[in-house]
Amino acid sequence: MQHKSHSQHLLPKERDTKLPWQSPSKSIELDSRAKENLEAIVNSPTYKKAMDDREFLLEEATLPIRLQLDYLKVEEVLQRFRIEKTVVVYGSTRIVEPRLARSRLEEIEREMANGGSSQELEKKLKRAEKIVQKSKYYDMAREFGSIVGSAGGGAEDNRVTLMTGGGPGIMEAANRGAFDVGANSIGLNITLPHEQFPNPYITPDLCFLFHYFAIRKLHFMKRACALVIFPGGYGTLDELFEALTLIQTRKIAPIPVVFVGEEYWSRVIDFEALEDEGVIDSEDRDIFWYANSAKEAWDGIVQWHEENGTVLFGL
């Protein structure tokens, strides 16, 4: 009798003889109802593995698991890239680069020159003119991204990495600045009811798509060593005030918060009025400061960390 060699025994997934449960029960050949029931069994959602059952994964009961996964996937990648700290940039999706802003304004002006006239068109013209004025902040954000990308050990140093919300406008500009100098940068995108594309300047392996705003906000703040706030609307204000509240209440350790564009922010938010009304303390206005250039913003961040005895690059 010929025996198999030792190496031929117990191959991981191979057997000469099938085990009983590897084939349908022989009884179904004798019982048509059993055959029908077997088909119902294997086609039932309950017979799917939990990880393959999308409907189950989207049930209310599995919300804690989805929240954990939304967090864990991003965390694992950031650890793998050895990203210790992030400089987070917030700002409007609507503030585009100067040439595009001018092009959109000229398009409206041509429409009006060709006889177009309405209150809505007048409103569009004024908004387009405002965006042209604010397009300088696109260039500032791009310059700021380049400064962050070049800091520390240079483009290959991931210890302090630029992070944005991953969308267009100011976020695109900041990611683009890091891209210009060959540095990695992060984009935290979010699923929305309408289709959203990430901006094309994020490092491909550091572009994430969240389902839950709460988990996205957690990752914005977890490694943040500075927040830089360019002019923006609802989304920017949402992220901004949440961060200010966390710092005000000492739920997190203080970090530098820089508003870029004092002329915009002093008009949009009257912090002095909040203090005068007694709803914030005077020290709450010391949480942040204003800057009017990319270099001023970065120099202020570096100085803040030096004065507070914290180290940006672990040197």
# chains A, B, ... in the order shown; residues from 1 in each chain; ligands from 1
>>> residues_around(residues="Ala101 (chain A)", least_positions_apart="3", cutoff="8 Å", atoms="only C-alpha atoms", output="MDAnalysis selection string")
chainID A and resid 95:98 104:105 128 131:132 135
>>> write_last_selection(atoms="N, CA and C atoms", output="short mmCIF file (atom, residue, chain, number, x, y, z; two decimals), in the first residue's frame")
data_model
loop_
_atom_site.label_atom_id
_atom_site.label_comp_id
_atom_site.auth_asym_id
_atom_site.auth_seq_id
_atom_site.Cartn_x
_atom_site.Cartn_y
_atom_site.Cartn_z
N ILE A 95 -14.95 79.93 -2.38
CA ILE A 95 -13.86 80.87 -2.71
C ILE A 95 -12.87 80.16 -3.62
N VAL A 96 -12.92 80.50 -4.88
CA VAL A 96 -12.12 79.81 -5.90
C VAL A 96 -10.91 80.65 -6.27
N GLU A 97 -10.03 80.08 -7.09
CA GLU A 97 -8.82 80.80 -7.48
C GLU A 97 -9.19 82.05 -8.30
N PRO A 98 -8.33 83.08 -8.28
CA PRO A 98 -8.68 84.38 -8.88
C PRO A 98 -9.12 84.31 -10.34
N ARG A 104 -16.03 83.83 -13.90
CA ARG A 104 -17.45 83.73 -13.55
C ARG A 104 -18.10 85.10 -13.49
N LEU A 105 -17.37 86.09 -12.99
CA LEU A 105 -17.88 87.45 -12.96
C LEU A 105 -18.09 87.98 -14.38
N ALA A 128 -20.71 87.57 -7.17
CA ALA A 128 -19.52 87.25 -7.96
C ALA A 128 -18.41 88.27 -7.71
N ILE A 131 -16.81 87.39 -4.43
CA ILE A 131 -15.93 86.22 -4.54
C ILE A 131 -14.60 86.61 -5.20
N VAL A 132 -14.66 87.49 -6.19
CA VAL A 132 -13.40 87.97 -6.81
C VAL A 132 -12.54 88.65 -5.75
N SER A 135 -11.03 86.04 -3.53
CA SER A 135 -10.20 85.00 -4.16
C SER A 135 -8.74 85.11 -3.75
#
>>> residues_around(residues="Gln248 (chain A)", least_positions_apart="4", cutoff="10 Å", atoms="only C-alpha atoms", output="PyMOL selection string")
chain A and resi 242-244+252-254+280-281+283-287
>>> residues_around(residues="region 303-311 of chain A", least_positions_apart="3", cutoff="10 Å", atoms="only C-alpha atoms", output="PDB file with N, CA and C atoms, in the first residue's frame")
ATOM      1  N   CYS A 225      -2.695  70.367  15.906  1.00  0.00           N
ATOM      2  CA  CYS A 225      -1.768  71.212  16.667  1.00  0.00           C
ATOM      3  C   CYS A 225      -1.990  72.673  16.316  1.00  0.00           C
ATOM      4  N   ALA A 226      -2.909  72.941  15.382  1.00  0.00           N
ATOM      5  CA  ALA A 226      -3.286  74.307  15.019  1.00  0.00           C
ATOM      6  C   ALA A 226      -4.518  74.248  14.124  1.00  0.00           C
ATOM      7  N   PRO A 254      -5.464  73.536  25.036  1.00  0.00           N
ATOM      8  CA  PRO A 254      -5.474  74.663  24.099  1.00  0.00           C
ATOM      9  C   PRO A 254      -4.520  74.441  22.932  1.00  0.00           C
ATOM     10  N   ILE A 255      -4.934  74.884  21.754  1.00  0.00           N
ATOM     11  CA  ILE A 255      -4.101  74.889  20.559  1.00  0.00           C
ATOM     12  C   ILE A 255      -4.283  76.233  19.881  1.00  0.00           C
ATOM     13  N   PRO A 256      -3.330  76.662  19.063  1.00  0.00           N
ATOM     14  CA  PRO A 256      -3.493  77.949  18.381  1.00  0.00           C
ATOM     15  C   PRO A 256      -4.621  77.911  17.365  1.00  0.00           C
ATOM     16  N   VAL A 257      -5.438  78.972  17.363  1.00  0.00           N
ATOM     17  CA  VAL A 257      -6.533  79.144  16.408  1.00  0.00           C
ATOM     18  C   VAL A 257      -6.316  80.477  15.710  1.00  0.00           C
ATOM     19  N   TRP A 298       1.506  81.167   9.914  1.00  0.00           N
ATOM     20  CA  TRP A 298       2.436  80.108  10.293  1.00  0.00           C
ATOM     21  C   TRP A 298       3.410  80.567  11.374  1.00  0.00           C
ATOM     22  N   ASP A 299       3.953  81.774  11.228  1.00  0.00           N
ATOM     23  CA  ASP A 299       4.885  82.281  12.232  1.00  0.00           C
ATOM     24  C   ASP A 299       4.206  82.369  13.605  1.00  0.00           C
ATOM     25  N   GLY A 300       2.931  82.758  13.605  1.00  0.00           N
ATOM     26  CA  GLY A 300       2.199  82.832  14.861  1.00  0.00           C
ATOM     27  C   GLY A 300       2.012  81.469  15.500  1.00  0.00           C
ATOM     28  N   GLY A 314       8.900  67.367  17.327  1.00  0.00           N
ATOM     29  CA  GLY A 314       9.525  66.370  18.190  1.00  0.00           C
ATOM     30  C   GLY A 314      11.026  66.403  18.176  1.00  0.00           C
ATOM     31  N   LEU A 315      11.592  67.572  17.891  1.00  0.00           N
ATOM     32  CA  LEU A 315      13.056  67.682  17.832  1.00  0.00           C
ATOM     33  C   LEU A 315      13.600  68.227  19.141  1.00  0.00           C
TER      34      LEU A 315
END
>>> select_by_dssp(residues="region 83-203 of chain A", states="strand (DSSP E or B)", output="PyMOL selection string")
chain A and resi 85-90+160-164+185-190
>>> atom_distance(atom1="CA of Pro45 (chain A)", atom2="CA of Leu72 (chain A)")
26.6 Å
>>> closest_residue(among="A:Leu237, A:Gln119, A:Glu39, A:Val74", to="Asp205 (chain A)", atoms="only C-alpha atoms")
A:Val74
>>> select_by_dssp(residues="region 5-229 of chain A", states="helix (DSSP H, G or I)", output="PyMOL selection string")
chain A and resi 6-8+20-22+26-29+32-43+45-47+50-52+54-57+60-80+98-113+119-134+136-150+170-180+204-206+213-222
>>> atom_distance(atom1="CA of Phe288 (chain A)", atom2="CA of Leu227 (chain A)")
9.4 Å
>>> residues_around(residues="Gly145 (chain A)", least_positions_apart="6", cutoff="8 Å", atoms="only C-alpha atoms", output="list in words")
Leu162, Ala173, Ala174, Asn175, Arg176, Gly177 and Ala178 of chain A
>>> residues_around(residues="region 87-94 of chain A", least_positions_apart="3", cutoff="9 Å", atoms="only C-alpha atoms", output="ChimeraX atom specification")
/A:131,141,145,148,160-165,167-172,174,220-221,223-237,239-240
